[in-house]
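The next block holds one structure in the form of structure tokens; read it before the comments.
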Amino acid sequence: MAKLRAVFFCSACGHESLRWLGRCPACDAWNTFAEAPAPVKPKGHGPARALGPAAAPVRLGDVSSGRVARISSGLAEFDVLLGGGIVPGSLVLLGGPPGAGKSTLLLQIAARLAERTSPVVYVCGEESAAQTKLRAERLGASGDLLLFAETDLRAILDALENLRPKILVVDSIQTLALPAVESSAGSVVQVRECATALMEFAKRTDCATFMVGHVTKDGSIAGPRLLEHIVDTVLYFEGDNGAEYRIVRAHKNRFGSADEICVFLMDERGLREVKNPSQLFLGRGGTATRPSGSCVVASIVGSRPVLVEIQALVGETSYGTPQRLAANVDRARMAMILAVLERRAGMHLGTHDVYASVAGGLRVNEPAADLGIALAIASAFRGLALPPGTVAFGELGLSGEVRAVAQRARRASEARKLGFTTVVAPPGSTRDRDDASLTVTDVAGAIAATLG
Ligand SMILES: Nc1ncnc2c1ncn2[C@@H]1O[C@H](COP(=O)(O)OP(=O)(O)OP(=O)(O)O)[C@@H](O)[C@H]1O
Ligand SMILES: [Mg+2]
């Protein structure tokens, strides 16, 4: 049967469609759809064939699992982000806005790896070798790294064929082009074909490949979202560029848990890992009394507990429709929490503007943060601060009940480790019931117990 092929792409995010659309359903951008020429088909067989020698189905039991040792990147937290180190032959995409620190991070890692493994190749298509050298000097990187200032991917792959690097960094995928593809560098087709060629090389030679992908909205460069399906792991810089620290989150990982984060501090010597992100996100406040509208939440990010501060501001609407703004908090969840507070806790928020955000720029999207968001809003509405040393977690149901959440013991223990004394949480199983010092079953009860 003939396979249907997508011929239109959103040039902002790479969303595919069989017909032209005025507005992209994935990223809401207008007029970004462009028709892509039919992809170049390799003669005889597709890239899947090149990934392994099997031309016929093989019994699962007969396939060697090829358990390979992971390579440590030299940054312990970055290894955790990848699920325990770099997997040989994996293809990792690092996306992020301009100036986020993509080149800095990968150059730092490549240089560290070059001290222990060789060869390690850094393809700098975006900057000259001299420019990259300048940055490397600032980062205190060693000289064993091989720099390759080239943008013709065919030439790069031909050279690498003899070199057989263990680690390859491509900065960035948007600057590369295959001469056989009639499209300019950075176009949707070129980006896709280049990524597929890199994937084939990585799998065949067991070379762990990192590639930088830009996220732009100007419409001319294909966003890395298009690449997400092709690669094994997708890492994104998130949060504010202006902040002194940068958060890298794993959005997809075939070799580890997704949603894992790694926090870095940016200074003139490059990126430094932050071992205890909770302390950073809580700021200097720690367990001291916080102002009204603030609630600390014990959240699970990836595989570890992280304490974050939810801040809310509530004020009477001065004109027109009440404003509802959520930064780093899911808007739909906040709307639901507001409705629950209105109906189940008797708070008349309909005439008030409500703003909620997560201090520090970490995105919190797990339902376990519901109770903390509700308490922060309630605290702002009443103008009363929560008792010092309070931490909360729990999912809110539409009838106002506080539901149990996973990993409560780990959340409570992280809170206690950082000196929090009152853990406001729903009842758990008998085994870990004593974790919470304040057990709550519904939102009205939680507000009464903490704000009086
Ligand atoms: N001397 C310095 N001291 C401190 N920070 C610096 C210094 N030089 C650069 N930076 C930081 O490094 C960031 C740029 O990092 P980098 O070039 O790795 O970003 P990038 O994500 O690769 O950007 P692009 O998309 O433009 O390639 C700047 O935003 C700045 O914060
Ligand atoms: Mg860069």
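So you can find residues: chains in the structure tokens are A, B, ... in the order shown, residues in each start at 1, and ligands are numbered from 1 in order.
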Item to check | 8 Å shell around ligand 1 using only C-alpha atoms and all ligand atoms, listed as a ChimeraX atom specification | outcome: /A:96-105,126,135,138,171-172,214,241-242,244,266-270
Store the residues picked out above in a file with N, CA and C atoms, as an mmCIF file, in the first residue's frame.
data_model
loop_
_atom_site.group_PDB
_atom_site.id
_atom_site.type_symbol
_atom_site.label_atom_id
_atom_site.label_comp_id
_atom_site.auth_asym_id
_atom_site.auth_seq_id
_atom_site.Cartn_x
_atom_site.Cartn_y
_atom_site.Cartn_z
ATOM 1 N N GLY A 96 17.360 24.892 22.472
ATOM 2 C CA GLY A 96 17.273 26.026 23.388
ATOM 3 C C GLY A 96 17.355 27.338 22.658
ATOM 4 N N PRO A 97 16.895 28.403 23.308
ATOM 5 C CA PRO A 97 16.921 29.719 22.674
ATOM 6 C C PRO A 97 18.349 30.236 22.508
ATOM 7 N N PRO A 98 18.550 31.253 21.690
ATOM 8 C CA PRO A 98 19.894 31.800 21.484
ATOM 9 C C PRO A 98 20.494 32.281 22.805
ATOM 10 N N GLY A 99 21.757 31.991 22.990
ATOM 11 C CA GLY A 99 22.455 32.461 24.184
ATOM 12 C C GLY A 99 22.166 31.666 25.434
ATOM 13 N N ALA A 100 21.472 30.556 25.315
ATOM 14 C CA ALA A 100 21.119 29.765 26.499
ATOM 15 C C ALA A 100 22.354 29.091 27.082
ATOM 16 N N GLY A 101 23.310 28.774 26.228
ATOM 17 C CA GLY A 101 24.522 28.101 26.712
ATOM 18 C C GLY A 101 24.722 26.731 26.083
ATOM 19 N N LYS A 102 24.103 26.512 24.930
ATOM 20 C CA LYS A 102 24.195 25.205 24.268
ATOM 21 C C LYS A 102 25.639 24.895 23.874
ATOM 22 N N SER A 103 26.268 25.865 23.189
ATOM 23 C CA SER A 103 27.652 25.647 22.742
ATOM 24 C C SER A 103 28.573 25.500 23.945
ATOM 25 N N THR A 104 28.342 26.317 24.965
ATOM 26 C CA THR A 104 29.186 26.271 26.164
ATOM 27 C C THR A 104 29.120 24.889 26.801
ATOM 28 N N LEU A 105 27.919 24.384 26.997
ATOM 29 C CA LEU A 105 27.747 23.092 27.664
ATOM 30 C C LEU A 105 28.406 21.966 26.866
ATOM 31 N N GLU A 126 28.850 26.852 13.166
ATOM 32 C CA GLU A 126 28.302 28.168 13.440
ATOM 33 C C GLU A 126 29.378 29.211 13.683
ATOM 34 N N ARG A 135 36.495 30.437 23.208
ATOM 35 C CA ARG A 135 35.554 30.003 24.239
ATOM 36 C C ARG A 135 36.180 28.881 25.079
ATOM 37 N N ARG A 138 38.453 30.170 27.666
ATOM 38 C CA ARG A 138 37.700 30.743 28.791
ATOM 39 C C ARG A 138 37.201 29.636 29.719
ATOM 40 N N ASP A 171 27.432 21.452 16.107
ATOM 41 C CA ASP A 171 26.900 22.751 16.542
ATOM 42 C C ASP A 171 26.797 23.657 15.320
ATOM 43 N N SER A 172 25.668 23.812 14.730
ATOM 44 C CA SER A 172 24.401 23.202 15.036
ATOM 45 C C SER A 172 23.862 22.469 13.810
ATOM 46 N N HIS A 214 18.367 24.854 17.089
ATOM 47 C CA HIS A 214 17.846 26.165 17.491
ATOM 48 C C HIS A 214 16.342 26.186 17.519
ATOM 49 N N ASN A 241 16.723 33.233 30.245
ATOM 50 C CA ASN A 241 18.122 33.406 29.849
ATOM 51 C C ASN A 241 18.858 34.369 30.765
ATOM 52 N N GLY A 242 18.092 35.311 31.331
ATOM 53 C CA GLY A 242 18.712 36.332 32.161
ATOM 54 C C GLY A 242 19.137 35.789 33.523
ATOM 55 N N GLU A 244 20.838 33.666 36.498
ATOM 56 C CA GLU A 244 22.242 33.241 36.591
ATOM 57 C C GLU A 244 22.353 31.723 36.427
ATOM 58 N N MET A 266 25.762 29.774 35.476
ATOM 59 C CA MET A 266 26.601 30.276 34.380
ATOM 60 C C MET A 266 27.515 31.375 34.900
ATOM 61 N N ASP A 267 28.808 31.195 34.735
ATOM 62 C CA ASP A 267 29.731 32.288 35.044
ATOM 63 C C ASP A 267 30.788 32.357 33.957
ATOM 64 N N GLU A 268 31.818 33.154 34.157
ATOM 65 C CA GLU A 268 32.792 33.330 33.064
ATOM 66 C C GLU A 268 33.596 32.064 32.786
ATOM 67 N N ARG A 269 33.615 31.113 33.746
ATOM 68 C CA ARG A 269 34.324 29.858 33.507
ATOM 69 C C ARG A 269 33.403 28.802 32.889
ATOM 70 N N GLY A 270 32.213 29.205 32.486
ATOM 71 C CA GLY A 270 31.289 28.255 31.862
ATOM 72 C C GLY A 270 30.178 27.840 32.799
#
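For Ile247 in chain A, the non-local neighbours within 8 Å, defined as residues at least 4 positions apart in the same chain or in other chains and counting only C-alpha atoms, are A:Phe237, A:Glu238, A:Gly239, A:Ile261, A:Cys262, A:Val263, A:Phe264, A:Leu362.
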Any chance you could export the current selection's C-alpha atoms as a compact mmCIF listing (two decimals), in the first residue's frame?
# COMPACT_ATOMS: atom_id res chain seq x y z
CA PHE A 237 17.31 24.60 28.05
CA GLU A 238 14.33 26.03 29.87
CA GLY A 239 13.68 29.06 31.98
CA ILE A 261 16.54 18.10 35.09
CA CYS A 262 20.05 19.36 35.55
CA VAL A 263 20.70 22.82 36.94
CA PHE A 264 23.76 24.86 36.02
CA LEU A 362 11.47 25.77 36.95
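Nearest residue to Leu157 in chain A among A:Leu418, A:Val121, A:Ile447, A:Val306 is A:Val121, counting only C-alpha atoms.
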Tell me which protein, DNA and RNA residues are within 10 Å of Ser278 in chain A, counting only C-alpha atoms, leaving out same-chain ones fewer than 4 positions away, and put them as a tab-separated table (two decimals) with C-alpha atoms, in the first residue's frame.
chain	number	residue	atom	x	y	z
A	274	VAL	CA	24.24	22.73	41.05
A	282	LEU	CA	14.05	28.22	47.59
A	283	GLY	CA	16.47	31.10	47.57
A	286	GLY	CA	14.83	28.65	53.39
A	298	ALA	CA	7.77	19.19	47.40
A	299	SER	CA	7.74	18.20	43.76
A	305	PRO	CA	12.52	15.43	44.73
A	306	VAL	CA	12.93	19.19	44.34
A	307	LEU	CA	11.44	21.85	46.59
A	308	VAL	CA	10.06	24.89	44.79
A	309	GLU	CA	8.28	28.01	45.95
A	414	GLU	CA	13.58	16.02	51.09
A	415	ALA	CA	11.50	18.62	52.96
A	418	LEU	CA	16.05	21.03	54.26
Item to check | Surrounding residues of Ala155 in chain A excluding itself and chain neighbours under 3 positions, 12 Å, only C-alpha atoms, as a list in words | outcome: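 What passes the distance filter is Val123, Phe148, Ala149, Glu150, Thr151, Asp152, Asp158, Ala159, Leu160, Glu161, Asn162, Leu176, Ala177, Leu178, Pro179 and Ala180 of chain A.
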So that I have them on file, write out the residues from the current selection with N, CA and C atoms, as a PDB file, in the first residue's frame.
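The resulting file, part.pdb, is shown below:
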ATOM      1  N   VAL A 123      32.152  19.614  15.713  1.00  0.00           N
ATOM      2  CA  VAL A 123      31.911  20.273  14.420  1.00  0.00           C
ATOM      3  C   VAL A 123      31.333  21.655  14.702  1.00  0.00           C
ATOM      4  N   PHE A 148      36.345  20.861  13.978  1.00  0.00           N
ATOM      5  CA  PHE A 148      36.083  20.666  12.549  1.00  0.00           C
ATOM      6  C   PHE A 148      35.150  21.790  12.103  1.00  0.00           C
ATOM      7  N   ALA A 149      35.728  22.820  11.461  1.00  0.00           N
ATOM      8  CA  ALA A 149      34.909  23.952  11.014  1.00  0.00           C
ATOM      9  C   ALA A 149      34.438  23.677   9.591  1.00  0.00           C
ATOM     10  N   GLU A 150      33.309  23.025   9.454  1.00  0.00           N
ATOM     11  CA  GLU A 150      32.801  22.606   8.140  1.00  0.00           C
ATOM     12  C   GLU A 150      31.276  22.542   8.216  1.00  0.00           C
ATOM     13  N   THR A 151      30.628  22.820   7.105  1.00  0.00           N
ATOM     14  CA  THR A 151      29.169  22.737   7.120  1.00  0.00           C
ATOM     15  C   THR A 151      28.631  21.711   6.112  1.00  0.00           C
ATOM     16  N   ASP A 152      29.516  21.187   5.244  1.00  0.00           N
ATOM     17  CA  ASP A 152      29.083  20.184   4.270  1.00  0.00           C
ATOM     18  C   ASP A 152      29.078  18.816   4.980  1.00  0.00           C
ATOM     19  N   ASP A 158      32.514  11.819   5.501  1.00  0.00           N
ATOM     20  CA  ASP A 158      33.615  11.124   4.822  1.00  0.00           C
ATOM     21  C   ASP A 158      34.875  11.156   5.682  1.00  0.00           C
ATOM     22  N   ALA A 159      35.124  12.329   6.272  1.00  0.00           N
ATOM     23  CA  ALA A 159      36.322  12.458   7.113  1.00  0.00           C
ATOM     24  C   ALA A 159      36.182  11.610   8.375  1.00  0.00           C
ATOM     25  N   LEU A 160      34.977  11.589   8.928  1.00  0.00           N
ATOM     26  CA  LEU A 160      34.770  10.854  10.182  1.00  0.00           C
ATOM     27  C   LEU A 160      34.817   9.348   9.973  1.00  0.00           C
ATOM     28  N   GLU A 161      34.540   8.916   8.740  1.00  0.00           N
ATOM     29  CA  GLU A 161      34.550   7.493   8.416  1.00  0.00           C
ATOM     30  C   GLU A 161      35.901   6.876   8.753  1.00  0.00           C
ATOM     31  N   ASN A 162      36.992   7.614   8.465  1.00  0.00           N
ATOM     32  CA  ASN A 162      38.331   7.104   8.773  1.00  0.00           C
ATOM     33  C   ASN A 162      38.708   7.343  10.220  1.00  0.00           C
ATOM     34  N   LEU A 176      24.244  22.704   8.918  1.00  0.00           N
ATOM     35  CA  LEU A 176      24.749  21.645   8.041  1.00  0.00           C
ATOM     36  C   LEU A 176      23.902  21.505   6.787  1.00  0.00           C
ATOM     37  N   ALA A 177      24.521  21.009   5.725  1.00  0.00           N
ATOM     38  CA  ALA A 177      23.783  20.741   4.496  1.00  0.00           C
ATOM     39  C   ALA A 177      24.391  19.553   3.772  1.00  0.00           C
ATOM     40  N   LEU A 178      23.532  18.764   3.166  1.00  0.00           N
ATOM     41  CA  LEU A 178      23.986  17.665   2.316  1.00  0.00           C
ATOM     42  C   LEU A 178      23.889  18.173   0.882  1.00  0.00           C
ATOM     43  N   PRO A 179      24.969  18.109   0.102  1.00  0.00           N
ATOM     44  CA  PRO A 179      24.922  18.658  -1.258  1.00  0.00           C
ATOM     45  C   PRO A 179      23.861  17.976  -2.130  1.00  0.00           C
ATOM     46  N   ALA A 180      23.551  16.710  -1.832  1.00  0.00           N
ATOM     47  CA  ALA A 180      22.588  15.977  -2.660  1.00  0.00           C
ATOM     48  C   ALA A 180      21.160  16.473  -2.464  1.00  0.00           C
TER      49      ALA A 180
END
Next on the checklist: Can you pull out every residue from range 231-325 of chain A that DSSP, working from the backbone, puts in strand (DSSP E), and format the result as a PyMOL selection string?
Outcome noted: chain A and resi 233-238+245-253+261-267+270-273+294-301+304-316+324-325
Next on the checklist: I need the alpha helix (DSSP H) residues of range 140-279 of chain A per DSSP on the backbone, written as a ChimeraX atom specification.
Outcome noted: /A:153-163,188-205,277-279
Can you write just those residues out, N, CA and C atoms, as an mmCIF file, in the first residue's frame?
data_model
loop_
_atom_site.group_PDB
_atom_site.id
_atom_site.type_symbol
_atom_site.label_atom_id
_atom_site.label_comp_id
_atom_site.auth_asym_id
_atom_site.auth_seq_id
_atom_site.Cartn_x
_atom_site.Cartn_y
_atom_site.Cartn_z
ATOM 1 N N LEU A 153 27.907 18.307 5.251
ATOM 2 C CA LEU A 153 27.809 17.079 6.042
ATOM 3 C C LEU A 153 28.435 15.876 5.329
ATOM 4 N N ARG A 154 28.369 15.879 3.993
ATOM 5 C CA ARG A 154 28.975 14.757 3.248
ATOM 6 C C ARG A 154 30.472 14.714 3.536
ATOM 7 N N ALA A 155 31.107 15.929 3.446
ATOM 8 C CA ALA A 155 32.550 16.025 3.691
ATOM 9 C C ALA A 155 32.865 15.633 5.130
ATOM 10 N N ILE A 156 32.004 16.060 6.053
ATOM 11 C CA ILE A 156 32.230 15.738 7.463
ATOM 12 C C ILE A 156 32.181 14.228 7.669
ATOM 13 N N LEU A 157 31.120 13.594 7.139
ATOM 14 C CA LEU A 157 30.955 12.152 7.353
ATOM 15 C C LEU A 157 32.065 11.357 6.675
ATOM 16 N N ASP A 158 32.514 11.819 5.501
ATOM 17 C CA ASP A 158 33.615 11.124 4.822
ATOM 18 C C ASP A 158 34.875 11.156 5.682
ATOM 19 N N ALA A 159 35.124 12.329 6.272
ATOM 20 C CA ALA A 159 36.322 12.458 7.113
ATOM 21 C C ALA A 159 36.182 11.610 8.375
ATOM 22 N N LEU A 160 34.977 11.589 8.928
ATOM 23 C CA LEU A 160 34.770 10.854 10.182
ATOM 24 C C LEU A 160 34.817 9.348 9.973
ATOM 25 N N GLU A 161 34.540 8.916 8.740
ATOM 26 C CA GLU A 161 34.550 7.493 8.416
ATOM 27 C C GLU A 161 35.901 6.876 8.753
ATOM 28 N N ASN A 162 36.992 7.614 8.465
ATOM 29 C CA ASN A 162 38.331 7.104 8.773
ATOM 30 C C ASN A 162 38.708 7.343 10.220
ATOM 31 N N LEU A 163 38.217 8.463 10.743
ATOM 32 C CA LEU A 163 38.587 8.865 12.097
ATOM 33 C C LEU A 163 37.886 8.038 13.171
ATOM 34 N N VAL A 188 13.566 22.750 6.447
ATOM 35 C CA VAL A 188 12.990 21.549 7.059
ATOM 36 C C VAL A 188 13.573 20.281 6.441
ATOM 37 N N VAL A 189 13.656 20.240 5.108
ATOM 38 C CA VAL A 189 14.126 19.036 4.422
ATOM 39 C C VAL A 189 15.595 18.775 4.737
ATOM 40 N N GLN A 190 16.412 19.832 4.665
ATOM 41 C CA GLN A 190 17.839 19.695 4.920
ATOM 42 C C GLN A 190 18.075 19.214 6.359
ATOM 43 N N VAL A 191 17.387 19.812 7.310
ATOM 44 C CA VAL A 191 17.555 19.446 8.717
ATOM 45 C C VAL A 191 17.195 17.974 8.923
ATOM 46 N N ARG A 192 16.082 17.568 8.315
ATOM 47 C CA ARG A 192 15.638 16.190 8.482
ATOM 48 C C ARG A 192 16.624 15.205 7.860
ATOM 49 N N GLU A 193 17.082 15.524 6.643
ATOM 50 C CA GLU A 193 18.007 14.612 5.961
ATOM 51 C C GLU A 193 19.344 14.537 6.688
ATOM 52 N N CYS A 194 19.825 15.691 7.161
ATOM 53 C CA CYS A 194 21.113 15.718 7.875
ATOM 54 C C CYS A 194 21.004 14.911 9.168
ATOM 55 N N ALA A 195 19.892 15.085 9.879
ATOM 56 C CA ALA A 195 19.714 14.350 11.137
ATOM 57 C C ALA A 195 19.647 12.847 10.870
ATOM 58 N N THR A 196 18.982 12.464 9.792
ATOM 59 C CA THR A 196 18.879 11.039 9.457
ATOM 60 C C THR A 196 20.260 10.476 9.117
ATOM 61 N N ALA A 197 21.062 11.263 8.385
ATOM 62 C CA ALA A 197 22.412 10.811 8.023
ATOM 63 C C ALA A 197 23.274 10.667 9.277
ATOM 64 N N LEU A 198 23.130 11.614 10.202
ATOM 65 C CA LEU A 198 23.900 11.537 11.456
ATOM 66 C C LEU A 198 23.467 10.342 12.287
ATOM 67 N N MET A 199 22.159 10.072 12.272
ATOM 68 C CA MET A 199 21.612 8.931 13.008
ATOM 69 C C MET A 199 22.198 7.629 12.462
ATOM 70 N N GLU A 200 22.227 7.553 11.156
ATOM 71 C CA GLU A 200 22.755 6.342 10.516
ATOM 72 C C GLU A 200 24.216 6.145 10.902
ATOM 73 N N PHE A 201 24.987 7.248 10.873
ATOM 74 C CA PHE A 201 26.411 7.176 11.220
ATOM 75 C C PHE A 201 26.585 6.775 12.687
ATOM 76 N N ALA A 202 25.783 7.391 13.556
ATOM 77 C CA ALA A 202 25.904 7.125 14.993
ATOM 78 C C ALA A 202 25.622 5.660 15.302
ATOM 79 N N LYS A 203 24.558 5.119 14.714
ATOM 80 C CA LYS A 203 24.167 3.733 15.013
ATOM 81 C C LYS A 203 25.179 2.746 14.434
ATOM 82 N N ARG A 204 25.656 3.054 13.236
ATOM 83 C CA ARG A 204 26.558 2.106 12.563
ATOM 84 C C ARG A 204 27.930 2.065 13.237
ATOM 85 N N THR A 205 28.429 3.238 13.667
ATOM 86 C CA THR A 205 29.792 3.274 14.198
ATOM 87 C C THR A 205 29.829 3.351 15.727
ATOM 88 N N PRO A 277 19.484 21.399 43.772
ATOM 89 C CA PRO A 277 18.637 22.427 43.165
ATOM 90 C C PRO A 277 17.596 22.999 44.129
ATOM 91 N N SER A 278 17.115 22.194 45.100
ATOM 92 C CA SER A 278 16.100 22.691 46.035
ATOM 93 C C SER A 278 16.554 23.971 46.710
ATOM 94 N N GLN A 279 17.813 23.950 47.188
ATOM 95 C CA GLN A 279 18.331 25.110 47.903
ATOM 96 C C GLN A 279 18.331 26.350 47.017
#
Write out as a short mmCIF file (atom, residue, chain, number, x, y, z; two decimals) with N, CA and C atoms, in the first residue's frame the residues lying within 9 Å of range 351-359 of chain A, counting only C-alpha atoms and excluding same-chain residues fewer than 2 positions away.
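After the write, out-v4.cif holds the following:
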data_model
loop_
_atom_site.label_atom_id
_atom_site.label_comp_id
_atom_site.auth_asym_id
_atom_site.auth_seq_id
_atom_site.Cartn_x
_atom_site.Cartn_y
_atom_site.Cartn_z
N PHE A 281 16.32 26.93 44.34
CA PHE A 281 14.98 27.39 44.01
C PHE A 281 14.28 28.04 45.20
N LEU A 282 14.67 27.62 46.41
CA LEU A 282 14.05 28.22 47.59
C LEU A 282 14.66 29.57 47.92
N GLY A 283 15.82 29.82 47.33
CA GLY A 283 16.47 31.10 47.57
C GLY A 283 16.96 31.19 49.00
N GLY A 293 0.98 34.58 50.27
CA GLY A 293 0.99 34.24 48.84
C GLY A 293 2.15 33.36 48.44
N VAL A 308 10.20 23.63 45.51
CA VAL A 308 10.06 24.89 44.79
C VAL A 308 9.07 25.78 45.53
N GLU A 309 9.20 27.08 45.30
CA GLU A 309 8.28 28.01 45.95
C GLU A 309 7.25 28.49 44.94
N ILE A 310 5.98 28.30 45.28
CA ILE A 310 4.91 28.81 44.43
C ILE A 310 4.52 30.17 44.99
N GLN A 311 4.45 31.16 44.12
CA GLN A 311 4.07 32.50 44.57
C GLN A 311 2.77 32.90 43.90
N ALA A 312 1.92 33.55 44.66
CA ALA A 312 0.65 34.00 44.08
C ALA A 312 0.37 35.43 44.51
N LEU A 313 -0.32 36.13 43.63
CA LEU A 313 -0.71 37.50 43.92
C LEU A 313 -2.19 37.62 43.56
N VAL A 314 -2.98 38.11 44.50
CA VAL A 314 -4.42 38.23 44.26
C VAL A 314 -4.83 39.66 44.59
N GLY A 315 -5.55 40.27 43.68
CA GLY A 315 -6.00 41.64 43.95
C GLY A 315 -7.32 41.89 43.26
N GLU A 316 -8.08 42.83 43.78
CA GLU A 316 -9.39 43.10 43.16
C GLU A 316 -9.22 43.62 41.74
N THR A 317 -10.06 43.14 40.85
CA THR A 317 -9.97 43.56 39.45
C THR A 317 -10.38 45.02 39.34
N SER A 318 -9.51 45.81 38.71
CA SER A 318 -9.89 47.22 38.62
C SER A 318 -10.73 47.50 37.39
N THR A 321 -12.51 42.19 32.66
CA THR A 321 -12.39 40.77 33.01
C THR A 321 -11.22 40.54 33.97
N PRO A 322 -11.41 39.69 34.96
CA PRO A 322 -10.29 39.40 35.86
C PRO A 322 -9.13 38.74 35.10
N GLN A 323 -7.94 39.14 35.45
CA GLN A 323 -6.74 38.58 34.81
C GLN A 323 -6.35 37.28 35.52
N ARG A 324 -5.98 36.30 34.73
CA ARG A 324 -5.44 35.06 35.30
C ARG A 324 -4.14 34.78 34.58
N LEU A 325 -3.03 34.88 35.29
CA LEU A 325 -1.75 34.65 34.64
C LEU A 325 -0.96 33.58 35.39
N ALA A 326 -0.43 32.63 34.65
CA ALA A 326 0.33 31.55 35.27
C ALA A 326 1.69 31.45 34.58
N ALA A 327 2.76 31.57 35.36
CA ALA A 327 4.11 31.42 34.79
C ALA A 327 4.71 30.15 35.35
N ASN A 328 5.12 29.28 34.46
CA ASN A 328 5.70 27.98 34.81
C ASN A 328 4.73 27.06 35.56
N VAL A 329 3.48 27.43 35.54
CA VAL A 329 2.43 26.58 36.11
C VAL A 329 1.45 26.35 34.96
N MET A 334 -4.37 25.67 36.74
CA MET A 334 -4.64 26.81 37.61
C MET A 334 -6.12 27.20 37.54
N LEU A 338 -8.63 27.34 40.72
CA LEU A 338 -9.41 28.53 41.06
C LEU A 338 -10.90 28.17 41.21
N HIS A 348 -14.32 33.97 47.00
CA HIS A 348 -14.90 34.66 45.85
C HIS A 348 -13.82 35.33 45.03
N LEU A 349 -13.23 34.51 44.16
CA LEU A 349 -12.11 34.98 43.34
C LEU A 349 -12.57 35.54 42.01
N GLY A 361 11.95 29.89 37.99
CA GLY A 361 11.82 29.55 36.57
C GLY A 361 11.69 28.07 36.25
N LEU A 362 11.65 27.20 37.26
CA LEU A 362 11.47 25.77 36.95
C LEU A 362 10.01 25.52 36.61
N ARG A 363 9.76 24.77 35.55
CA ARG A 363 8.37 24.46 35.19
C ARG A 363 7.87 23.32 36.05
N VAL A 364 6.74 23.53 36.70
CA VAL A 364 6.17 22.47 37.53
C VAL A 364 4.86 22.04 36.89
N ILE A 373 -0.34 25.21 45.11
CA ILE A 373 -0.83 26.35 44.33
C ILE A 373 -2.07 26.91 45.02
N ALA A 376 -1.11 28.77 48.17
CA ALA A 376 -0.46 30.05 47.86
C ALA A 376 -1.52 31.09 47.49
N ILE A 377 -2.50 30.68 46.66
CA ILE A 377 -3.56 31.61 46.24
C ILE A 377 -4.43 31.99 47.45
N PHE A 381 -4.98 35.65 48.96
CA PHE A 381 -6.36 36.17 49.02
C PHE A 381 -6.67 36.66 50.44
#
Item to check | Best match for closeness to ligand 2 among A:Glu182, A:Ala76, A:Leu81, A:Met211, counting only C-alpha atoms and all ligand atoms | outcome: A:Met211
List the neighbours of Pro88 in chain A out to 7 Å using only C-alpha atoms; skip same-chain residues closer than 4 positions along the sequence, and give me the result as a PDB file with C-alpha atoms, in the first residue's frame.
ATOM      1  CA  ARG A  70      27.943   4.084  29.395  1.00  0.00           C
ATOM      2  CA  ASP A 206      28.576   3.411  17.827  1.00  0.00           C
ATOM      3  CA  CYS A 207      29.522   7.059  18.014  1.00  0.00           C
ATOM      4  CA  ALA A 208      27.576   9.025  20.637  1.00  0.00           C
TER       5      ALA A 208
END
Checklist entry - Of the residues A:Glu228, A:Glu273, A:Glu137, A:Glu127, which is the one nearest to ligand 2, using only C-alpha atoms and all ligand atoms? => result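 Using only C-alpha atoms and all ligand atoms, the shortest distance to ligand 2 belongs to A:Glu127.
Minimum distance to ligand 2 across A:Val443, A:Ala185, A:Val169, A:Ala288 (counting only C-alpha atoms and all ligand atoms) occurs at A:Val169.
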